[in-house]
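Content type compact mmCIF, C-alpha atoms and all ligand atoms, from the file start-v4.txt:
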# COMPACT_ATOMS: atom_id res chain seq x y z
CA MET A 1 96.42 102.95 119.26
CA LYS A 2 99.74 101.72 117.81
CA LYS A 3 101.02 98.46 119.31
CA LYS A 4 104.53 97.13 118.54
CA PHE A 5 104.84 93.50 117.56
CA LEU A 6 108.18 93.03 115.80
CA ASN A 7 111.72 94.23 116.46
CA LEU A 8 114.10 93.72 113.54
CA GLY A 9 116.97 95.39 115.36
CA ILE A 10 119.40 98.11 114.39
CA GLN A 11 119.28 98.58 110.62
CA PRO A 12 120.91 100.84 108.02
CA LEU A 13 118.93 102.47 105.18
CA ALA A 14 118.31 99.57 102.80
CA ASN A 15 119.29 101.60 99.73
CA SER A 16 122.46 103.16 101.14
CA PHE A 17 124.98 101.10 99.19
CA LEU A 18 128.48 102.26 100.11
CA SER A 19 131.03 103.23 97.50
CA SER A 20 133.91 102.16 99.74
CA ASN A 21 134.40 100.15 102.91
CA SER A 22 136.98 102.54 104.31
CA LYS A 23 136.77 103.42 108.00
CA LYS A 24 135.86 107.00 107.11
CA THR A 25 132.86 105.93 104.97
CA LEU A 26 131.66 103.37 107.50
CA ALA A 27 131.79 105.90 110.33
CA LYS A 28 129.15 108.00 108.53
CA GLU A 29 126.66 105.16 108.09
CA PHE A 30 123.15 105.94 109.37
CA PHE A 31 121.36 103.36 111.56
CA TYR A 32 117.94 103.25 113.18
CA ASN A 33 115.88 100.72 115.15
CA LEU A 34 113.46 98.88 112.87
CA GLU A 35 110.29 98.12 114.82
CA VAL A 36 106.91 97.28 113.34
CA SER A 37 103.50 98.25 114.81
CA PHE A 38 99.81 97.53 114.32
CA ASP A 39 97.23 100.29 114.63
CA THR A 40 94.19 98.94 116.48
CA ASN A 41 91.92 101.65 114.95
CA SER A 42 92.80 101.65 111.24
CA TYR A 43 94.39 98.15 111.20
CA LEU A 44 97.41 99.66 109.43
CA VAL A 45 100.75 97.90 109.84
CA SER A 46 103.65 100.32 109.76
CA ILE A 47 107.22 100.75 110.88
CA SER A 48 107.19 102.53 114.23
CA ASN A 49 109.68 105.31 113.51
CA PRO A 50 109.74 106.29 109.81
CA VAL A 51 112.98 107.78 108.53
CA ASN A 52 113.01 111.28 106.97
CA PRO A 53 112.24 110.74 103.21
CA LYS A 54 114.88 113.37 102.32
CA LEU A 55 117.54 110.93 103.57
CA GLN A 56 116.13 108.11 101.44
CA TYR A 57 115.09 109.53 98.06
CA THR A 58 118.24 111.28 97.00
CA ASP A 59 120.05 111.74 93.69
CA LYS A 60 121.89 108.49 94.39
CA TYR A 61 118.81 106.28 94.48
CA ALA A 62 119.86 102.80 93.34
CA HIS A 63 116.72 100.78 92.50
CA ARG A 64 115.81 100.56 88.80
CA ALA A 65 112.33 99.11 88.35
CA SER A 66 113.07 98.01 84.78
CA GLU A 67 115.95 95.75 85.87
CA SER A 68 113.90 92.53 85.67
CA MET A 69 112.08 91.01 82.75
CA THR A 70 109.20 90.08 85.09
CA MET A 71 108.63 93.72 86.06
CA ARG A 72 109.01 95.10 82.53
CA SER A 73 106.31 92.79 81.29
CA ALA A 74 104.09 93.35 84.38
CA PHE A 75 104.14 97.13 83.82
CA LYS A 76 103.42 96.71 80.11
CA LYS A 77 100.42 94.54 80.94
CA ILE A 78 98.88 96.87 83.52
CA ALA A 79 99.44 99.89 81.23
CA LYS A 80 97.51 98.09 78.48
CA LYS A 81 94.75 97.12 80.90
CA ILE A 82 94.40 100.71 82.15
CA ASP A 83 94.31 102.04 78.59
CA GLU A 84 91.61 99.59 77.53
CA LYS A 85 89.50 99.94 80.69
CA TYR A 86 89.59 103.70 81.26
CA SER A 87 90.87 105.28 77.97
CA PRO A 88 92.61 108.02 79.99
CA LYS A 89 93.50 111.36 78.43
CA ILE A 90 95.83 112.17 81.32
CA VAL A 91 97.80 109.53 83.22
CA MET A 92 99.93 110.57 86.16
CA GLU A 93 102.41 108.30 87.86
CA ILE A 94 103.63 108.95 91.40
CA GLY A 95 107.14 107.47 91.74
CA SER A 96 107.95 106.95 88.06
CA ASN A 97 111.43 105.53 88.77
CA ASP A 98 113.20 104.90 85.42
CA GLY A 99 110.02 105.24 83.36
CA VAL A 100 109.22 101.53 83.04
CA PHE A 101 105.44 102.16 83.33
CA ILE A 102 105.03 105.51 81.55
CA ARG A 103 106.95 104.40 78.48
CA ASN A 104 103.84 102.42 77.53
CA PHE A 105 101.84 105.67 76.98
CA SER A 106 102.16 108.46 74.44
CA ARG A 107 104.17 111.36 75.80
CA LYS A 108 101.36 113.93 75.62
CA LYS A 109 99.21 111.93 78.06
CA VAL A 110 101.83 111.49 80.79
CA ILE A 111 102.74 113.38 83.96
CA ALA A 112 105.54 111.81 86.01
CA ILE A 113 106.38 112.54 89.64
CA GLU A 114 109.79 111.35 90.85
CA PRO A 115 111.67 112.91 93.80
CA CYS A 116 114.99 111.16 93.10
CA LYS A 117 116.74 113.56 90.74
CA ASN A 118 118.92 110.89 89.11
CA LEU A 119 115.76 108.99 88.13
CA ALA A 120 113.76 112.07 87.13
CA ASN A 121 116.63 112.95 84.79
CA LEU A 122 116.09 109.66 82.97
CA THR A 123 112.52 110.51 81.95
CA LYS A 124 112.44 114.31 81.79
CA LYS A 125 113.60 114.61 78.18
CA LYS A 126 110.67 112.62 76.87
CA TYR A 127 107.96 113.01 79.54
CA LYS A 128 106.70 115.91 81.63
CA THR A 129 108.51 115.03 84.86
CA PHE A 130 108.34 116.80 88.22
CA PRO A 131 111.45 116.02 90.32
CA ASP A 132 109.53 116.53 93.58
CA PHE A 133 107.88 114.73 96.48
CA TRP A 134 104.15 114.17 96.06
CA ASN A 135 102.03 116.44 98.29
CA LYS A 136 99.17 118.95 98.18
CA LYS A 137 101.46 121.80 97.16
CA LEU A 138 102.65 119.90 94.10
CA ALA A 139 99.10 118.74 93.27
CA LYS A 140 97.94 122.38 93.24
CA LYS A 141 100.91 123.45 91.13
CA ILE A 142 100.00 120.86 88.49
CA PHE A 143 96.21 120.74 88.58
CA LEU A 144 94.86 124.05 89.94
CA LYS A 145 94.41 125.46 86.45
CA SER A 146 94.53 122.40 84.21
CA LYS A 147 92.49 119.27 83.49
CA LYS A 148 92.52 116.65 86.24
CA ALA A 149 93.99 113.17 85.84
CA ASP A 150 91.76 110.33 84.60
CA VAL A 151 94.16 107.77 86.02
CA ILE A 152 96.76 108.11 88.73
CA PHE A 153 99.06 105.10 88.94
CA SER A 154 101.60 104.36 91.62
CA ALA A 155 103.52 101.12 92.10
CA ASN A 156 105.60 100.48 95.20
CA THR A 157 105.49 104.12 96.21
CA ILE A 158 102.40 104.99 98.30
CA SER A 159 103.53 102.48 100.95
CA HIS A 160 106.79 104.48 101.11
CA ILE A 161 105.18 107.81 102.08
CA PRO A 162 104.77 108.44 105.83
CA ASP A 163 101.92 111.01 105.60
CA LEU A 164 99.03 109.09 104.03
CA LYS A 165 96.41 111.76 104.77
CA GLU A 166 98.37 114.41 102.86
CA THR A 167 99.07 111.91 100.06
CA PHE A 168 95.45 110.86 99.55
CA ASP A 169 94.09 114.42 99.98
CA ALA A 170 96.46 115.49 97.19
CA ILE A 171 95.25 112.60 95.05
CA GLU A 172 91.59 113.44 95.73
CA PHE A 173 92.30 116.99 94.51
CA SER A 174 94.03 115.75 91.35
CA LEU A 175 91.55 113.11 90.12
CA SER A 176 88.80 113.88 87.61
CA ASP A 177 85.23 113.20 88.86
CA ASN A 178 85.25 109.57 87.74
CA GLY A 179 89.02 109.23 87.72
CA VAL A 180 90.71 106.15 89.15
CA LEU A 181 93.73 105.75 91.36
CA VAL A 182 95.50 102.42 90.81
CA ILE A 183 98.13 101.49 93.37
CA GLU A 184 100.28 98.40 93.78
CA ASP A 185 102.17 97.48 96.91
CA PRO A 186 103.33 94.32 98.70
CA SER A 187 100.40 92.62 100.38
CA LEU A 188 100.19 92.14 104.12
CA TYR A 189 98.28 88.91 103.60
CA SER A 190 101.26 87.49 101.64
CA VAL A 191 103.81 88.78 104.15
CA ILE A 192 102.00 87.04 107.00
CA LYS A 193 101.47 83.87 104.97
CA ASN A 194 105.07 83.70 103.63
CA ASN A 195 106.84 84.93 106.77
CA SER A 196 108.46 87.46 104.44
CA TYR A 197 109.52 89.83 107.19
CA ASP A 198 112.11 91.27 104.80
CA GLN A 199 109.32 93.36 103.26
CA PHE A 200 109.90 95.58 106.30
CA TYR A 201 112.70 98.08 105.79
CA ASP A 202 112.98 101.85 106.05
CA GLU A 203 111.25 102.52 102.70
CA HIS A 204 108.29 100.27 103.42
CA VAL A 205 106.69 102.52 105.99
CA TYR A 206 103.47 100.54 105.47
CA VAL A 207 102.58 97.07 104.34
CA PHE A 208 98.94 97.34 103.28
CA SER A 209 95.94 95.10 103.66
CA ALA A 210 92.73 95.92 101.76
CA ILE A 211 91.08 96.44 105.15
CA SER A 212 93.54 99.17 106.13
CA VAL A 213 93.55 100.87 102.72
CA ALA A 214 89.73 101.07 102.76
CA ASN A 215 89.89 102.74 106.19
CA VAL A 216 92.66 105.17 105.32
CA VAL A 217 91.33 106.44 101.96
CA LYS A 218 87.89 107.07 103.51
CA LYS A 219 89.47 109.91 105.51
CA SER A 220 90.26 111.69 102.22
CA ASN A 221 86.75 111.15 100.73
CA LEU A 222 88.00 108.33 98.55
CA ARG A 223 86.66 104.78 98.20
CA LEU A 224 88.39 101.46 97.62
CA PHE A 225 86.07 99.90 95.01
CA ASP A 226 88.13 97.04 93.60
CA ALA A 227 91.31 95.07 94.25
CA GLU A 228 93.22 92.17 92.80
CA LYS A 229 95.97 89.92 94.00
CA ILE A 230 99.10 90.13 91.82
CA SER A 231 102.22 88.01 91.91
CA THR A 232 104.88 90.74 91.69
CA HIS A 233 107.32 91.32 94.55
CA GLY A 234 106.46 88.03 96.20
CA GLY A 235 102.75 88.77 96.49
CA SER A 236 101.26 92.22 96.04
CA MET A 237 97.84 93.80 95.83
CA ARG A 238 96.55 96.17 93.20
CA PHE A 239 93.97 98.56 94.67
CA TYR A 240 91.46 100.58 92.62
CA ILE A 241 90.31 103.74 94.38
CA CYS A 242 87.97 106.55 93.30
CA LYS A 243 86.24 109.60 94.72
CA ASP A 244 83.47 108.66 97.10
CA SER A 245 80.88 110.14 94.69
CA ALA A 246 82.30 108.53 91.50
CA LYS A 247 80.22 106.17 89.36
CA HIS A 248 82.37 103.07 90.07
CA LYS A 249 80.47 100.40 91.99
CA ASN A 250 82.19 98.30 94.67
CA THR A 251 83.03 95.01 92.97
CA ARG A 252 82.43 91.43 94.10
CA ASN A 253 86.21 91.07 94.13
CA ILE A 254 86.75 93.70 96.80
CA LYS A 255 84.07 92.13 98.98
CA LEU A 256 85.73 88.71 98.66
CA ILE A 257 89.21 90.07 99.40
CA LEU A 258 88.00 91.91 102.51
CA LYS A 259 86.26 88.73 103.64
CA LYS A 260 89.40 86.64 103.08
CA GLU A 261 91.54 89.10 105.05
CA LYS A 262 89.08 89.09 107.92
CA LYS A 263 89.10 85.30 107.91
CA ALA A 264 92.91 85.45 108.14
CA ASN A 265 92.44 87.74 111.19
CA LEU A 266 94.41 90.66 109.73
CA GLN A 267 92.31 92.93 111.96
CA LYS A 268 93.56 91.22 115.13
CA PHE A 269 96.75 92.02 117.04
CA SER A 270 97.22 88.35 118.03
CA THR A 271 97.91 87.51 114.34
CA TYR A 272 100.97 89.77 114.41
CA LEU A 273 102.27 88.41 117.71
CA GLN A 274 102.19 84.91 116.20
CA PHE A 275 103.93 86.23 113.06
CA SER A 276 106.63 87.76 115.23
CA LYS A 277 107.30 84.36 116.84
CA ARG A 278 107.62 82.74 113.40
CA VAL A 279 110.08 85.45 112.33
CA LYS A 280 112.36 84.71 115.31
CA LYS A 281 112.27 81.02 114.44
CA SER A 282 113.03 81.80 110.79
CA LYS A 283 116.12 83.77 111.86
CA LYS A 284 117.36 80.89 114.03
CA ASN A 285 116.90 78.32 111.28
CA LEU A 286 118.49 80.45 108.55
CA ILE A 287 121.60 81.03 110.68
CA LYS A 288 121.74 77.27 111.30
CA ILE A 289 121.83 76.57 107.54
CA PHE A 290 124.60 79.14 106.94
CA LYS A 291 126.66 77.79 109.86
CA ARG A 292 126.33 74.20 108.67
CA LEU A 293 127.36 75.06 105.10
CA LYS A 294 130.30 77.16 106.29
CA ASN A 295 131.46 74.30 108.54
CA ASP A 296 131.43 72.13 105.41
CA LYS A 297 133.67 74.78 103.75
CA LYS A 298 131.08 75.66 101.10
CA ASN A 299 131.34 78.82 99.03
CA ILE A 300 128.20 80.86 99.55
CA ILE A 301 127.18 83.99 97.69
CA SER A 302 123.92 85.95 97.50
CA TYR A 303 121.88 86.59 94.36
CA GLY A 304 120.36 90.08 93.99
CA ALA A 305 121.44 92.96 96.23
CA THR A 306 117.85 93.64 97.22
CA TYR A 307 116.63 96.05 99.85
CA LYS A 308 114.79 93.08 101.34
CA SER A 309 118.01 91.16 101.88
CA SER A 310 119.42 94.15 103.77
CA THR A 311 116.77 93.47 106.42
CA VAL A 312 117.58 89.74 106.49
CA PHE A 313 121.36 90.12 106.69
CA ASN A 314 121.30 92.87 109.31
CA TYR A 315 118.60 91.17 111.41
CA CYS A 316 120.32 87.75 111.28
CA LYS A 317 123.84 89.28 111.32
CA ILE A 318 124.78 87.36 108.21
CA GLY A 319 127.82 89.12 106.80
CA LYS A 320 131.14 88.52 105.05
CA LYS A 321 131.88 85.61 107.38
CA PHE A 322 129.17 83.66 105.54
CA ILE A 323 128.73 85.38 102.19
CA ASN A 324 131.67 85.98 99.84
CA TYR A 325 129.83 88.58 97.70
CA ILE A 326 126.50 89.42 96.13
CA THR A 327 125.79 89.43 92.40
CA ASP A 328 123.46 92.03 90.92
CA THR A 329 122.68 93.11 87.36
CA THR A 330 122.18 96.77 88.35
CA LEU A 331 125.25 98.69 87.14
CA ASN A 332 125.16 101.30 89.87
CA LYS A 333 125.10 98.65 92.63
CA GLN A 334 128.14 96.81 91.23
CA GLY A 335 131.45 97.75 92.87
CA LYS A 336 129.63 98.91 96.00
CA PHE A 337 129.12 97.40 99.47
CA THR A 338 125.82 96.50 101.12
CA PRO A 339 124.52 98.69 103.92
CA GLY A 340 125.30 97.44 107.42
CA GLN A 341 127.08 94.19 106.59
CA HIS A 342 129.36 95.69 103.87
CA ILE A 343 129.26 92.66 101.57
CA PRO A 344 130.81 93.47 98.17
CA ILE A 345 128.49 93.54 95.13
CA ILE A 346 129.75 92.35 91.74
CA SER A 347 128.24 91.50 88.35
CA PRO A 348 126.64 88.08 87.76
CA GLU A 349 129.08 87.55 84.85
CA GLU A 350 131.97 87.74 87.29
CA GLY A 351 130.25 86.18 90.29
CA MET A 352 128.36 83.16 88.96
CA ASN A 353 131.53 81.11 88.49
CA ASN A 354 132.39 77.47 89.08
CA ASN A 355 133.53 78.06 92.66
CA VAL A 356 130.03 78.91 93.88
CA ASP A 357 128.30 76.11 95.79
CA TYR A 358 125.30 77.96 97.21
CA ALA A 359 123.50 81.20 96.34
CA PHE A 360 121.10 82.85 98.79
CA LEU A 361 118.05 84.16 96.93
CA GLY A 362 118.11 87.81 98.00
CA ALA A 363 115.70 88.37 95.10
CA TRP A 364 113.41 85.45 96.07
CA ASN A 365 110.52 87.31 94.47
CA PHE A 366 112.14 86.59 91.08
CA LYS A 367 112.79 82.93 91.90
CA LYS A 368 111.13 81.66 88.71
CA GLU A 369 113.06 84.07 86.45
CA ILE A 370 116.35 83.36 88.23
CA LEU A 371 116.06 79.57 88.28
CA LYS A 372 115.31 79.68 84.55
CA LYS A 373 118.33 81.92 83.93
CA GLU A 374 120.73 79.91 86.11
CA LYS A 375 120.13 76.46 84.62
CA GLU A 376 123.86 75.97 84.12
CA PHE A 377 124.62 76.71 87.81
CA ILE A 378 121.95 74.19 88.86
CA ARG A 379 123.13 71.61 86.30
CA ARG A 380 126.61 71.57 87.76
CA GLY A 381 125.26 71.04 91.30
CA GLY A 382 124.86 74.65 92.47
CA LYS A 383 122.01 75.18 94.93
CA PHE A 384 119.93 78.12 96.08
CA ILE A 385 119.07 78.97 99.69
CA THR A 386 115.85 80.77 100.57
CA HIS A 387 114.17 81.92 103.78
CA VAL A 388 110.67 82.22 102.28
CA PRO A 389 108.31 80.78 103.44
CA LEU A 390 110.77 78.81 105.61
CA PRO A 391 114.59 78.68 105.54
CA LYS A 392 115.67 75.85 103.27
CA ILE A 393 117.93 74.76 100.44
CA ILE A 394 116.28 74.53 97.05
CA SER A 395 117.78 71.61 95.20
CA LYS A 396 115.76 71.78 91.98
P1 LIG A 401 113.74 93.95 93.80
C1 LIG A 401 112.91 97.41 95.66
O1 LIG A 401 113.08 96.39 96.63
C2 LIG A 401 112.92 98.74 96.34
P2 LIG A 401 114.10 95.19 96.46
C3 LIG A 401 111.62 99.41 96.51
N1 LIG A 401 111.60 100.05 97.80
C4 LIG A 401 110.45 98.52 96.47
O2 LIG A 401 109.44 98.82 97.00
C5 LIG A 401 110.55 97.24 95.74
O3 LIG A 401 111.72 97.16 94.97
C6 LIG A 401 109.40 97.06 94.86
C7 LIG A 401 118.59 92.17 90.86
N2 LIG A 401 118.41 91.05 89.93
O4 LIG A 401 113.16 94.86 92.84
C8 LIG A 401 118.05 93.47 90.37
C9 LIG A 401 119.54 90.34 89.52
O5 LIG A 401 120.67 90.67 89.91
O6 LIG A 401 113.18 92.60 93.86
C10 LIG A 401 117.68 94.17 91.65
O7 LIG A 401 118.79 94.87 92.17
N3 LIG A 401 119.36 89.31 88.67
C11 LIG A 401 111.43 100.42 95.46
O8 LIG A 401 115.45 95.73 96.19
C12 LIG A 401 117.30 93.05 92.59
O9 LIG A 401 117.89 91.86 92.06
C13 LIG A 401 118.14 88.91 88.22
O10 LIG A 401 118.04 87.94 87.46
O11 LIG A 401 113.95 94.33 97.66
C14 LIG A 401 115.83 92.85 92.71
O12 LIG A 401 115.30 93.84 93.51
C15 LIG A 401 117.00 89.62 88.69
C16 LIG A 401 115.61 89.19 88.26
C17 LIG A 401 117.16 90.68 89.54
O13 LIG A 401 113.46 94.46 95.21
Show me the file's structure as structure tokens.
Amino acid sequence: MKKKFLNLGIQPLANSFLSSNSKKTLAKEFFYNLEVSFDTNSYLVSISNPVNPKLQYTDKYAHRASESMTMRSAFKKIAKKIDEKYSPKIVMEIGSNDGVFIRNFSRKKVIAIEPCKNLANLTKKKYKTFPDFWNKKLAKKIFLKSKKADVIFSANTISHIPDLKETFDAIEFSLSDNGVLVIEDPSLYSVIKNNSYDQFYDEHVYVFSAISVANVVKKSNLRLFDAEKISTHGGSMRFYICKDSAKHKNTRNIKLILKKEKKANLQKFSTYLQFSKRVKKSKKNLIKIFKRLKNDKKNIISYGATYKSSTVFNYCKIGKKFINYITDTTLNKQGKFTPGQHIPIISPEEGMNNNVDYAFLGAWNFKKEILKKEKEFIRRGGKFITHVPLPKIISK
């Protein structure tokens, strides 16, 4: 049974950056109610009313996974690890984005799946790319008559797909007998621990725990045999999954992770009710900080036009009254306006100027990389604001 525990209010699609803030454009903006539920049978945490993927993964998709140095090097590392551990002849990626993972493999080994046509166009010249949604029909089209995949990789994508049964059935069909599915997604354990409620937005239909993934893949005759905690996106998990009958033994690691999650009560509804209370408090305290700084006539901007910050700004109703603009390195976000609050987005070169007193860390998951990059801003007294794990001003 699904039980609701969090209401993040009326939200726009987190990736629907607007090309103008004219009345006509704003009138067409799509909104939905963002509520989050816990399933008492599978222990899955999901948004209550997923949006139609066709509205989300269009030919205007903005996110470019290769935009940060942290992610480029993380994908290079996991590609090397996969190559050394499994020596795959065929590697398929579901949600290949701008090719940041597949570019670490030779072209003849790679199959890329990417439903956003603008992104698929970026990789299709070099790699076999299918500009489609992942499902059983596509799996059959690719693998019915050809060799199955030794490794299927998918980062920050499986948690975006509403129909998990169809997704994992299609994966089960596509894997070789001892093939391995490696998926990475934000970790529920970290979200609960860090109060990072901004990991909930329309694209994150699920935020996975190892407990819930083990339950869900079982229904498609798959087995979660290993997992590791990774630091990307503010705390993620990498899950290793194989066919139930494959040779891979369940590792000590997976046993320890499941034990740790149980100890943190991720299988209990009461954990989520407590989390929900902390989220409300976080909202109150973040608004307090913004109000105090604005009363002191400070110039506040935001750093990184992330999807996550769309949840924060629309939930807390932090808009142009508080934030002058947002800086972002992604070219196709610059010149646009954020969904819901319509805050203008400009380049860091233009935006990180001497007038800025405070910058909200919309991309708090890249805090280390950003603080290193913005030494000059900090040296001249500039400060960052964060809401994770608690709303506060970072002075060093
Ligand atoms: P980023 C996206 O979420 C969307 P977002 C998606 N749904 C998902 O699951 C996660 O990623 C994984 C900019 N930036 O990736 C670049 C700077 O401007 O953390 C990006 O626009 N300067 C697929 O959007 C944004 O911040 C910098 O120095 O919540 C980061 O977005 C750096 C490092 C980044 O997540």
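With distances taken over all atoms listed in the file, A:Lys308 is the one residue among A:Lys383, A:Lys308, A:Lys218, A:Lys373 lying closest to ligand LIG 401 (chain A).
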Next item on the list: Residues within 9 Å of ligand LIG 401 (chain A) should be enumerated using only C-alpha atoms and all ligand atoms and returned as a ChimeraX atom specification.
Entry: /A:14-15,62-71,97,155-157,159-160,185-186,198-199,201-204,232-234,303-310,326-330,333,347-348,362-371,373-374
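Of note, atom CA of A:Ser176 and atom CA of A:Ile254 are spaced 22.3 Å apart.
Going from atom CA of A:Asn41 to atom CA of A:Ser231 covers 28.7 Å.
Between atom CA of A:Asn118 and atom CA of A:Tyr61 the interatomic distance comes to 7.1 Å.
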Item checked: Residue among A:Asn49, A:Ser174, A:Asn21, A:Ser37 lying closest to A:Ile90, counting all atoms listed in the file -> A:Ser174
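For the choices A:Leu6, A:Met1, A:Val216, A:Leu256, the atom-to-atom distance to A:Tyr272 is smallest for A:Leu6 when using all atoms listed in the file.
In this comparison, which uses all atoms listed in the file, the residue of A:Ala170, A:Ala120, A:Ile300, A:Val110 approaching A:Asp98 most closely is A:Ala120.
With distances restricted to all atoms listed in the file, A:Asn253 is the closest residue to A:Lys229 from A:Gln56, A:Asn215, A:Ser245, A:Asn253.
Closest approach to A:Lys280 among A:Ala112, A:Leu258, A:Leu8, A:Leu361 is made by A:Leu8 (distances from only C-alpha atoms).
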Draw an axis-aligned box tight on the listed atoms of stretch 159-177 of chain A, then pad every side by 8 Å and write out centre and edge lengths in Å to one decimal as lines of an AutoDock Vina configuration file.
center_x = 96.0
center_y = 109.7
center_z = 96.7
size_x = 37.6
size_y = 30.5
size_z = 34.2
